[in-house]
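Enquirer: Dropping in work39.txt, which is compact mmCIF, N, CA and C atoms:
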```
# COMPACT_ATOMS: atom_id res chain seq x y z
N LEU L 1 3.66 2.20 3.99
CA LEU L 1 2.63 3.08 3.48
C LEU L 1 3.05 4.54 3.63
N TYR L 2 3.76 4.87 4.71
CA TYR L 2 4.22 6.24 4.90
C TYR L 2 5.19 6.65 3.79
N GLY L 3 6.08 5.75 3.42
CA GLY L 3 7.03 6.03 2.35
C GLY L 3 6.33 6.25 1.02
N CYS L 4 5.32 5.44 0.74
CA CYS L 4 4.58 5.58 -0.51
C CYS L 4 3.76 6.86 -0.50
N THR L 5 3.25 7.24 0.66
CA THR L 5 2.50 8.50 0.75
C THR L 5 3.43 9.68 0.49
N TYR L 6 4.62 9.64 1.06
CA TYR L 6 5.62 10.69 0.80
C TYR L 6 5.94 10.75 -0.69
N TRP L 7 6.11 9.58 -1.28
CA TRP L 7 6.46 9.53 -2.69
C TRP L 7 5.34 10.10 -3.55
N SER L 8 4.09 9.88 -3.16
CA SER L 8 2.96 10.43 -3.90
C SER L 8 2.93 11.94 -3.82
N PHE L 9 3.29 12.50 -2.65
CA PHE L 9 3.37 13.95 -2.55
C PHE L 9 4.54 14.50 -3.36
N ARG L 10 5.53 13.66 -3.57
CA ARG L 10 6.65 14.08 -4.41
C ARG L 10 6.20 14.24 -5.86
N TYR L 11 5.17 13.49 -6.24
CA TYR L 11 4.61 13.65 -7.58
C TYR L 11 4.06 15.06 -7.78
N VAL L 12 3.54 15.66 -6.72
CA VAL L 12 3.00 17.02 -6.81
C VAL L 12 4.12 18.01 -7.14
N THR L 13 5.25 17.88 -6.46
CA THR L 13 6.38 18.77 -6.77
C THR L 13 6.92 18.50 -8.17
N LEU L 14 6.88 17.24 -8.57
CA LEU L 14 7.30 16.90 -9.93
C LEU L 14 6.37 17.55 -10.95
N ALA L 15 5.08 17.56 -10.68
CA ALA L 15 4.12 18.18 -11.59
C ALA L 15 4.36 19.68 -11.69
N ARG L 16 4.70 20.31 -10.58
CA ARG L 16 5.01 21.75 -10.60
C ARG L 16 6.27 22.02 -11.43
N GLN L 17 7.24 21.12 -11.32
CA GLN L 17 8.46 21.28 -12.12
C GLN L 17 8.17 21.10 -13.60
N LEU L 18 7.25 20.19 -13.91
CA LEU L 18 6.93 19.95 -15.31
C LEU L 18 6.21 21.14 -15.95
N LYS L 19 5.48 21.91 -15.13
CA LYS L 19 4.79 23.09 -15.65
C LYS L 19 5.76 24.20 -16.05
N ASN L 20 6.86 24.30 -15.30
CA ASN L 20 7.84 25.36 -15.55
C ASN L 20 8.89 24.87 -16.54
N PRO L 21 9.00 25.49 -17.71
CA PRO L 21 9.98 25.03 -18.71
C PRO L 21 11.43 25.13 -18.24
N ASN L 22 11.73 26.04 -17.31
CA ASN L 22 13.11 26.20 -16.83
C ASN L 22 13.51 25.10 -15.85
N LEU L 23 12.54 24.57 -15.11
CA LEU L 23 12.83 23.54 -14.10
C LEU L 23 12.47 22.13 -14.56
N ARG L 24 11.95 22.00 -15.75
CA ARG L 24 11.44 20.72 -16.23
C ARG L 24 12.56 19.66 -16.27
N PRO L 25 12.34 18.53 -15.55
CA PRO L 25 13.34 17.45 -15.60
C PRO L 25 13.23 16.70 -16.93
N LYS L 26 14.26 15.93 -17.19
CA LYS L 26 14.26 15.13 -18.42
C LYS L 26 13.21 14.03 -18.31
N LYS L 27 12.81 13.54 -19.47
CA LYS L 27 11.79 12.49 -19.51
C LYS L 27 12.27 11.24 -18.79
N ALA L 28 13.52 10.89 -18.97
CA ALA L 28 14.08 9.69 -18.33
C ALA L 28 14.07 9.82 -16.80
N GLU L 29 14.37 11.02 -16.30
CA GLU L 29 14.34 11.25 -14.85
C GLU L 29 12.91 11.11 -14.31
N THR L 30 11.95 11.66 -15.05
CA THR L 30 10.56 11.59 -14.63
C THR L 30 10.08 10.14 -14.60
N ILE L 31 10.42 9.39 -15.63
CA ILE L 31 10.03 7.97 -15.67
C ILE L 31 10.67 7.22 -14.52
N GLN L 32 11.91 7.52 -14.21
CA GLN L 32 12.61 6.84 -13.10
C GLN L 32 11.93 7.13 -11.76
N ILE L 33 11.50 8.37 -11.55
CA ILE L 33 10.81 8.72 -10.29
C ILE L 33 9.50 7.95 -10.17
N VAL L 34 8.75 7.88 -11.26
CA VAL L 34 7.47 7.15 -11.23
C VAL L 34 7.72 5.66 -11.04
N ARG L 35 8.75 5.12 -11.65
CA ARG L 35 9.07 3.69 -11.48
C ARG L 35 9.44 3.37 -10.03
N TRP L 36 10.19 4.26 -9.39
CA TRP L 36 10.54 4.03 -7.98
C TRP L 36 9.28 4.03 -7.10
N GLY L 37 8.36 4.94 -7.40
CA GLY L 37 7.09 4.96 -6.67
C GLY L 37 6.29 3.69 -6.89
N LEU L 38 6.31 3.21 -8.13
CA LEU L 38 5.61 1.97 -8.45
C LEU L 38 6.23 0.79 -7.73
N LEU L 39 7.55 0.73 -7.69
CA LEU L 39 8.24 -0.36 -6.99
C LEU L 39 7.95 -0.32 -5.50
N ALA L 40 7.93 0.87 -4.91
CA ALA L 40 7.62 0.99 -3.49
C ALA L 40 6.21 0.51 -3.19
N SER L 41 5.25 0.84 -4.04
CA SER L 41 3.87 0.39 -3.84
C SER L 41 3.74 -1.12 -4.00
N ILE L 42 4.45 -1.68 -4.95
CA ILE L 42 4.39 -3.13 -5.15
C ILE L 42 4.99 -3.86 -3.96
N LEU L 43 6.13 -3.38 -3.47
CA LEU L 43 6.75 -4.01 -2.29
C LEU L 43 5.85 -3.86 -1.06
N GLY L 44 5.25 -2.69 -0.90
CA GLY L 44 4.33 -2.49 0.23
C GLY L 44 3.12 -3.38 0.14
N MET L 45 2.58 -3.52 -1.05
CA MET L 45 1.41 -4.38 -1.21
C MET L 45 1.78 -5.84 -0.96
N GLY L 46 2.95 -6.25 -1.42
CA GLY L 46 3.38 -7.63 -1.18
C GLY L 46 3.55 -7.93 0.30
N SER L 47 4.17 -7.02 1.03
CA SER L 47 4.33 -7.25 2.47
C SER L 47 2.99 -7.19 3.20
N SER L 48 2.07 -6.36 2.72
CA SER L 48 0.74 -6.30 3.33
C SER L 48 -0.04 -7.59 3.08
N VAL L 49 0.11 -8.16 1.91
CA VAL L 49 -0.57 -9.43 1.62
C VAL L 49 0.00 -10.55 2.50
N ILE L 50 1.31 -10.56 2.69
CA ILE L 50 1.91 -11.55 3.59
C ILE L 50 1.38 -11.36 5.01
N GLY L 51 1.27 -10.11 5.46
CA GLY L 51 0.70 -9.82 6.77
C GLY L 51 -0.75 -10.26 6.87
N ALA L 52 -1.51 -10.05 5.79
CA ALA L 52 -2.92 -10.46 5.80
C ALA L 52 -3.04 -11.98 5.92
N GLU L 53 -2.14 -12.69 5.26
CA GLU L 53 -2.16 -14.16 5.37
C GLU L 53 -1.88 -14.61 6.80
N SER L 54 -0.93 -13.97 7.45
CA SER L 54 -0.62 -14.37 8.83
C SER L 54 -1.76 -14.00 9.78
N ILE L 55 -2.38 -12.85 9.56
CA ILE L 55 -3.52 -12.47 10.39
C ILE L 55 -4.68 -13.44 10.17
N GLY L 56 -4.92 -13.78 8.92
CA GLY L 56 -5.98 -14.75 8.62
C GLY L 56 -5.72 -16.10 9.25
N GLY L 57 -4.47 -16.54 9.24
CA GLY L 57 -4.13 -17.82 9.89
C GLY L 57 -4.34 -17.77 11.39
N THR L 58 -3.99 -16.65 12.00
CA THR L 58 -4.19 -16.49 13.44
C THR L 58 -5.68 -16.53 13.78
N LEU L 59 -6.49 -15.83 13.00
CA LEU L 59 -7.93 -15.82 13.26
C LEU L 59 -8.54 -17.20 13.02
N LEU L 60 -8.04 -17.91 12.03
CA LEU L 60 -8.53 -19.27 11.80
C LEU L 60 -8.19 -20.15 12.99
N GLY L 61 -6.97 -20.02 13.51
CA GLY L 61 -6.58 -20.80 14.68
C GLY L 61 -7.45 -20.48 15.89
N LYS L 62 -7.76 -19.21 16.09
CA LYS L 62 -8.63 -18.83 17.20
C LYS L 62 -10.04 -19.38 17.02
N SER L 63 -10.55 -19.31 15.79
CA SER L 63 -11.91 -19.81 15.57
C SER L 63 -11.99 -21.33 15.74
N LEU L 64 -10.93 -22.04 15.35
CA LEU L 64 -10.93 -23.49 15.55
C LEU L 64 -10.76 -23.85 17.01
N ALA L 65 -10.02 -23.03 17.77
CA ALA L 65 -9.84 -23.29 19.19
C ALA L 65 -11.13 -23.08 19.96
N MET L 66 -12.01 -22.21 19.45
CA MET L 66 -13.27 -21.97 20.13
C MET L 66 -14.21 -23.17 20.01
N VAL L 67 -14.01 -24.01 19.00
CA VAL L 67 -14.88 -25.15 18.77
C VAL L 67 -14.53 -26.32 19.68
N LEU L 68 -13.28 -26.37 20.13
CA LEU L 68 -12.85 -27.49 20.96
C LEU L 68 -13.62 -27.54 22.26
N PRO L 69 -14.04 -28.72 22.71
CA PRO L 69 -14.78 -28.82 23.97
C PRO L 69 -13.90 -28.43 25.16
N GLY L 70 -14.45 -27.66 26.05
CA GLY L 70 -13.73 -27.25 27.25
C GLY L 70 -12.80 -26.07 27.03
N ALA L 71 -12.74 -25.53 25.80
CA ALA L 71 -11.82 -24.43 25.53
C ALA L 71 -12.26 -23.15 26.24
N ILE L 72 -13.56 -23.00 26.45
CA ILE L 72 -14.06 -21.78 27.09
C ILE L 72 -13.68 -21.74 28.56
N PHE L 73 -13.54 -22.90 29.17
CA PHE L 73 -13.26 -22.95 30.60
C PHE L 73 -11.77 -23.03 30.92
N SER L 74 -10.91 -22.96 29.91
CA SER L 74 -9.47 -23.02 30.15
C SER L 74 -8.98 -21.66 30.68
N PRO L 75 -7.83 -21.63 31.36
CA PRO L 75 -7.33 -20.37 31.93
C PRO L 75 -7.00 -19.31 30.88
N ASP L 76 -6.59 -19.72 29.70
CA ASP L 76 -6.26 -18.75 28.65
C ASP L 76 -7.37 -18.62 27.62
N ALA L 77 -8.62 -18.70 28.07
CA ALA L 77 -9.77 -18.68 27.15
C ALA L 77 -9.89 -17.34 26.44
N LEU L 78 -9.55 -16.24 27.11
CA LEU L 78 -9.69 -14.94 26.46
C LEU L 78 -8.75 -14.76 25.28
N SER L 79 -7.59 -15.39 25.32
CA SER L 79 -6.67 -15.27 24.19
C SER L 79 -7.10 -16.13 23.02
N LYS L 80 -8.01 -17.08 23.25
CA LYS L 80 -8.48 -17.94 22.17
C LYS L 80 -9.78 -17.45 21.54
N ILE L 81 -10.41 -16.44 22.12
CA ILE L 81 -11.65 -15.91 21.58
C ILE L 81 -11.31 -14.76 20.63
N ILE L 82 -12.03 -14.71 19.52
CA ILE L 82 -11.82 -13.63 18.56
C ILE L 82 -12.36 -12.35 19.17
N GLN L 83 -11.48 -11.36 19.29
CA GLN L 83 -11.82 -10.06 19.89
C GLN L 83 -12.16 -9.05 18.79
N PRO L 84 -12.89 -7.98 19.13
CA PRO L 84 -13.14 -6.93 18.13
C PRO L 84 -11.85 -6.31 17.58
N LEU L 85 -10.82 -6.25 18.40
CA LEU L 85 -9.54 -5.71 17.93
C LEU L 85 -8.96 -6.55 16.79
N ASP L 86 -9.20 -7.86 16.84
CA ASP L 86 -8.73 -8.72 15.75
C ASP L 86 -9.38 -8.33 14.42
N ILE L 87 -10.67 -8.01 14.47
CA ILE L 87 -11.37 -7.61 13.26
C ILE L 87 -10.87 -6.25 12.78
N LEU L 88 -10.57 -5.34 13.71
CA LEU L 88 -10.04 -4.03 13.33
C LEU L 88 -8.66 -4.16 12.67
N ILE L 89 -7.87 -5.12 13.11
CA ILE L 89 -6.56 -5.35 12.50
C ILE L 89 -6.73 -5.83 11.06
N VAL L 90 -7.69 -6.71 10.83
CA VAL L 90 -7.97 -7.18 9.47
C VAL L 90 -8.42 -6.01 8.60
N LEU L 91 -9.29 -5.16 9.15
CA LEU L 91 -9.77 -4.01 8.40
C LEU L 91 -8.65 -3.03 8.08
N ALA L 92 -7.76 -2.78 9.04
CA ALA L 92 -6.63 -1.88 8.80
C ALA L 92 -5.71 -2.44 7.72
N ASN L 93 -5.47 -3.72 7.75
CA ASN L 93 -4.61 -4.33 6.73
C ASN L 93 -5.26 -4.25 5.36
N THR L 94 -6.58 -4.40 5.31
CA THR L 94 -7.29 -4.28 4.04
C THR L 94 -7.18 -2.85 3.50
N HIS L 95 -7.24 -1.87 4.39
CA HIS L 95 -7.09 -0.48 3.96
C HIS L 95 -5.68 -0.21 3.42
N ILE L 96 -4.68 -0.82 4.03
CA ILE L 96 -3.30 -0.65 3.55
C ILE L 96 -3.14 -1.24 2.16
N ILE L 97 -3.71 -2.43 1.96
CA ILE L 97 -3.63 -3.06 0.64
C ILE L 97 -4.35 -2.19 -0.40
N THR L 98 -5.50 -1.64 -0.03
CA THR L 98 -6.24 -0.77 -0.95
C THR L 98 -5.44 0.48 -1.28
N ALA L 99 -4.79 1.08 -0.30
CA ALA L 99 -3.98 2.28 -0.54
C ALA L 99 -2.82 1.98 -1.48
N HIS L 100 -2.16 0.85 -1.29
CA HIS L 100 -1.06 0.48 -2.19
C HIS L 100 -1.59 0.21 -3.60
N PHE L 101 -2.76 -0.41 -3.70
CA PHE L 101 -3.36 -0.67 -5.01
C PHE L 101 -3.64 0.64 -5.74
N ILE L 102 -4.19 1.62 -5.02
CA ILE L 102 -4.46 2.93 -5.63
C ILE L 102 -3.15 3.58 -6.08
N GLY L 103 -2.10 3.45 -5.27
CA GLY L 103 -0.79 3.98 -5.65
C GLY L 103 -0.25 3.32 -6.90
N ILE L 104 -0.44 2.03 -7.03
CA ILE L 104 0.02 1.31 -8.22
C ILE L 104 -0.75 1.78 -9.46
N VAL L 105 -2.06 1.91 -9.31
CA VAL L 105 -2.89 2.35 -10.45
C VAL L 105 -2.49 3.76 -10.87
N CYS L 106 -2.28 4.66 -9.91
CA CYS L 106 -1.89 6.04 -10.25
C CYS L 106 -0.51 6.08 -10.91
N SER L 107 0.43 5.28 -10.43
CA SER L 107 1.76 5.25 -11.03
C SER L 107 1.71 4.70 -12.45
N LEU L 108 0.91 3.67 -12.65
CA LEU L 108 0.79 3.13 -14.01
C LEU L 108 0.12 4.13 -14.94
N TRP L 109 -0.85 4.88 -14.43
CA TRP L 109 -1.50 5.91 -15.23
C TRP L 109 -0.50 7.00 -15.61
N LEU L 110 0.33 7.41 -14.64
CA LEU L 110 1.35 8.42 -14.93
C LEU L 110 2.35 7.93 -15.98
N LEU L 111 2.78 6.69 -15.84
CA LEU L 111 3.70 6.13 -16.85
C LEU L 111 3.06 6.11 -18.23
N ASP L 112 1.80 5.76 -18.28
CA ASP L 112 1.09 5.74 -19.56
C ASP L 112 1.03 7.14 -20.16
N ARG L 113 0.72 8.14 -19.33
CA ARG L 113 0.65 9.52 -19.81
C ARG L 113 2.02 10.01 -20.30
N ILE L 114 3.08 9.62 -19.56
CA ILE L 114 4.42 10.05 -19.97
C ILE L 114 4.80 9.41 -21.30
N GLN L 115 4.47 8.14 -21.46
CA GLN L 115 4.80 7.43 -22.71
C GLN L 115 4.06 8.02 -23.90
N LYS L 116 2.81 8.46 -23.69
CA LYS L 116 2.03 9.03 -24.79
C LYS L 116 2.56 10.41 -25.19
N GLN L 117 3.22 11.11 -24.25
CA GLN L 117 3.77 12.44 -24.56
C GLN L 117 4.96 12.36 -25.50
N GLY L 118 5.68 11.24 -25.45
CA GLY L 118 6.92 11.13 -26.21
C GLY L 118 6.76 10.54 -27.52
```
So that I can check it, write out the structure of this file as structure tokens.
Expert:
Amino acid sequence: LYGCTYWSFRYVTLARQLKNPNLRPKKAETIQIVRWGLLASILGMGSSVIGAESIGGTLLGKSLAMVLPGAIFSPDALSKIIQPLDILIVLANTHIITAHFIGIVCSLWLLDRIQKQG
């Protein structure tokens, strides 16, 4: 997510270059920069979805372990109970997926705008 955030701020410098006719990059270079940002967001979103699946599996395992008789009285009972931190981890992962989705939408919008200019 940090890399994609950096890349999004790079779009700001690219926009400033596009305003100045002397510094304006070629259309192919601009499209390549936006495509790299799009690829970074897609890879980030894919890894976040894989992480969400593993977190969901862990929470499912914990919730099923809580149903077993005698699980509350076992020595490692605290590790089998769903903690508030577990829910915060799910929420953080959901925010990461949302941020990557917004990055993908913005990159696709930029590509569309560039294509319409030419």
Enquirer: For atom C of Tyr11 in chain L and atom N of Ser47 in chain L, quote the distance in Å rounded to one decimal.
Expert: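 Distance reported for this atom pair: 23.8 Å.
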Enquirer: Check the smallest atom-to-atom distance from each of L:Ala40, L:Cys106, L:Leu60, L:Ile114 to Tyr6 in chain L using only C-alpha atoms, then report the winner.
Expert: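 Ranking L:Ala40, L:Cys106, L:Leu60, L:Ile114 by distance to Tyr6 in chain L, first place goes to L:Ala40.
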Enquirer: By how many Å are atom C of Ile33 in chain L and CA of Thr94 in chain L apart?
Expert: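 Going from atom C of Ile33 in chain L over to CA of Thr94 in chain L covers 25.2 Å.
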Enquirer: Just list the residues in chain L DSSP gives helix (DSSP H, G or I) on the backbone, as a PyMOL selection string.
Expert: chain L and resi 2-19+27-67+77-80+84-117
Enquirer: Give the answer as one residue: which of L:Leu39, L:Val34, L:Leu1, L:Ile55 has the shortest atom-to-atom distance to Ala99 in chain L, using all atoms listed in the file?
Expert: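 Closest residue, counting all atoms listed in the file: L:Leu1.
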Enquirer: Expressed in Å to a single decimal, how great is the separation between CA of Gly3 in chain L and CA of Arg113 in chain L?
Expert: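 Those two atoms sit 23.3 Å apart.
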Enquirer: Return as lines of an AutoDock Vina configuration file the centre and edge lengths, in Å with one decimal, of the box along x, y and z that encloses every atom of range 17-33 of chain L in the file, padded by 3 Å per side.
Expert:
```
center_x = 9.6
center_y = 16.5
center_z = -14.8
size_x = 15.6
size_y = 25.4
size_z = 15.3
```
Enquirer: Go through L:Leu14, L:Met45, L:Ile50, L:Ile82 and flag the residue nearest Ile102 in chain L, using only C-alpha atoms for the distances.
Expert: L:Met45
